[in-house]
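Peer 1: Quick one: this structure, given as C-alpha cells, is what I'll be asking you about.
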Number of protein chains: 2
Amino acid sequence: MEDIIRSLGYLCLGSRLKRIGEQLQADTQRVLERLDVRIQSSQYPLLAALDRLGPLPVGELAQSLGVAQPGVTRSVSLLTELGLVEVMQSNDDQRRRIVSLSQNGQRLVDSAKRDVWPRIEAAVKEVCADLSGSLLGQLAVIEDRLAATPLHRRAEKAEAVAR
Amino acid sequence: MEDIIRSLGYLCLGSRLKRIGEQLQADTQRVLERLDVRIQSSQYPLLAALDRLGPLPVGELAQSLGVAQPGVTRSVSLLTELGLVEVMQSNDDQRRRIVSLSQNGQRLVDSAKRDVWPRIEAAVKEVCADLSGSLLGQLAVIEDRLAATPLHRRAEKAEAVAR
DNA sequence: TGTAGTTATATATCAAGTTATGGAATTGGC
DNA sequence: GCCAATTCCATAACTTGATATATAACTACA
C-alpha cells in the first residue's frame, strides 16, 4: 500500500513531521508506562523547563516551550492537580502567576533524569543513528526503523542490557 | 529565552517534530486562505490519495495515509458535507464503504495541482534547501528559517515573481 | 488623576489525532 | 449449515495542539 504522505514529499512535510512526532510520543508513553511513571510524556518538557530555568511565569514558560499560552495554562492546572507543580502570585505584578516545581515534582524530575530520560534519549538516538542525506530521506529511514522496531522495544532492550 | 525543546535534543524529538509540523500546516493554511481555498490543509492528503489511487474503502484510505481509521471516518464525513467526496456501499462486501472524489472534489484537486500545490511545495523546498548534517541540526535550521520568513510569506513572494 | 491602551492569564471552542468499544457483515471450521 | 471468530466501520471519550476572546492588573500620558 503506497504511503501517500511519503509520496507527496515536501508538499505534505507538515503532516509527515506531525505523524512521526506523534508516533514517537506514543512510543515514549509506553516506555513510561512500563517504568510505572504516571504522567504523560508530553508533560516532561514543561517539567524540564522549570527544572532548568527555575520558577517562571506562565507566559515565559510558554515561550520557552514554543507553544501557545493556553496550552501551558492547561498543563499547569493538570500538573497542579497531580501535585507536581505549584503556582503563586507574583508580588510585583498581580497578573503574573509564577509556576515552580513542587517537592514531589522536583523528586520526579530528579529520578527521571537519572532513570528514565537517558533510556528514552538513547532509544531515540539509536533510531536517528548514522543518518545522512536529504531531510526527506532521513525521515524515511526513521519511519522504516520505527516500523521495524518501535521505540519502546528499543528502550526495553537497552534496559535488559543494562542489568 | 532558551528554547527548551531544542535544548533537550533527542529526548524531545517527538514534541519538536510535532511542533514544526504544526507550524508548517498553520502556515500552509494561510497560503490557502490567501488563495481563497475553503478547505483545511490537513484534508489535502486524503484528497490526494483518492486522486492518485482512485476510490478506496475507509480502511485502505487510512492505511495509505498512515493514520488511524476513526480519523479517516471523520474526515470523510466532513468532506462529504462539503460535497468533495462521495461514499457508496461496496457490492461484494456490505461492510465496506468506498470513498471517491465527487465531481467538485476532482475539480478542486485538479486546480490545486495546477495552482496551489506547486507553490506550497516550492516554499517548503525553499525552507529545506541546502540542508546537511545531523537531523537535529537540520531541524534547527528549518525552525530558524521559518521564524525569519514564514512559509506563507515565501509563497507570496514566489507568486509575485510568477506574475 | 482618570482614562485609554497594553499585558498576563484564563476560558471557550475548534481541529485532528489517538484508543477503546460496539454492531453488522463476512469467513471458516466442524 | 450453523456458530465462532474475524473484519470493517462508526461512535465515544480523551489528548494536545490551535485561535479568539474576556477579565483583571498594570502603564502612560494628557
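Residues are referred to by chain and number: the chain letter is A, B, ... according to the order shown in the C-alpha cells, the number counts from 1 in that chain, and ligands are numbered separately from 1 in the order shown.
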I'd like to know which residues of range 26-161 of chain B are strand (DSSP E) (by DSSP, run on the backbone); could you write them as a VMD selection string?

Peer 2: chain B and resid 56 to 57 85 to 89 97 to 101

Peer 1: Report as a ChimeraX atom specification all protein, DNA and RNA residues lying within 10 Å of range 2-19 of chain D, evaluated on only C-alpha atoms (C1' of nucleotides), omitting residues in the same chain fewer than 3 positions from it.

Peer 2: /A:40,42,67-68,70-71,74-75 /B:18-19,22,26,57-59,69-70,73-74,93-97 /C:13-30

Peer 1: Check every residue of chain B for an atom within 8 Å of chain A, counting only C-alpha atoms, and provide those that qualify as JSON, numbers by chain.

Peer 2: {"B": [1, 2, 3, 4, 5, 10, 11, 12, 13, 14, 15, 16, 17, 18, 19, 20, 21, 22, 23, 24, 25, 42, 45, 48, 49, 60, 63, 64, 65, 66, 67, 117, 120, 121, 124, 125, 128, 131, 132, 133, 134, 135, 138]}

Peer 1: Determine the nearest neighbour of chain D from the options B:Thr149, B:Gln43, B:Asn104, B:Ser77, counting only C-alpha atoms (C1' of nucleotides).

Peer 2: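 Closest candidate: B:Ser77.
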
Peer 1: Counting only C-alpha atoms (C1' of nucleotides), which of A:Ala148, A:Ser90, A:Val31, A:Leu82 gets nearest to chain C?

Peer 2: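 Closest candidate: A:Ser90.
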
Peer 1: Using only C-alpha atoms (C1' of nucleotides), find the residues of chain C whose closest atom to chain A is at most 10 Å away, then write them as a list in words.

Peer 2: DT7, DA8, DT9, DA10, DT11, DG17 and DT18 of chain C

Peer 1: Residues of the last selection are to be written out with C-alpha atoms (C1' of nucleotides), as a PDB file, in the first residue's frame.

Peer 2:
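result-v8.pdb, written as the output of this step:
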ATOM      1  C1'  DT C   7      -0.170  42.984  29.088  1.00  0.00           C
ATOM      2  C1'  DA C   8      -0.845  38.454  31.601  1.00  0.00           C
ATOM      3  C1'  DT C   9      -3.666  34.852  32.265  1.00  0.00           C
ATOM      4  C1'  DA C  10      -7.938  32.113  31.950  1.00  0.00           C
ATOM      5  C1'  DT C  11     -11.720  30.303  29.428  1.00  0.00           C
ATOM      6  C1'  DG C  17      -5.014  12.851  16.085  1.00  0.00           C
ATOM      7  C1'  DT C  18      -5.419   8.764  19.406  1.00  0.00           C
TER       8       DT C  18
END

Peer 1: For CA of Val109 in chain A and CA of His152 in chain A, quote the distance in Å rounded to one decimal.

Peer 2: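 These atoms are spaced 20.2 Å apart.
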
Peer 1: As a PyMOL selection string, list the residues of chain B assigned to helix (DSSP H, G or I) by DSSP on the backbone atoms of this structure.

Peer 2: chain B and resi 4-7+9-34+41-53+58-65+69-81+103-127+135-148+151-162

Peer 1: Using only C-alpha atoms (C1' of nucleotides), pick whichever of D:DA20, D:DA25, D:DG1, D:DA30 has the shortest atom-to-atom distance to chain A.

Peer 2: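 Smallest distance to chain A is found for D:DA25.
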
Peer 1: Please determine, counting only C-alpha atoms (C1' of nucleotides), which residue among A:Val72, A:Glu156, A:Arg34, A:Gln103 has the shortest atom-to-atom distance to chain D.

Peer 2: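 Among the listed residues, A:Val72 lies closest to chain D.
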
Peer 1: Identify, on the basis of only C-alpha atoms (C1' of nucleotides), every residue whose closest approach to Thr80 in chain A does not exceed 10 Å; exclude the query and any residue fewer than 6 positions from it along the same chain; express the result as JSON, numbers by chain.

Peer 2: {"A": [74, 86, 87, 99, 100, 101, 102, 105]}
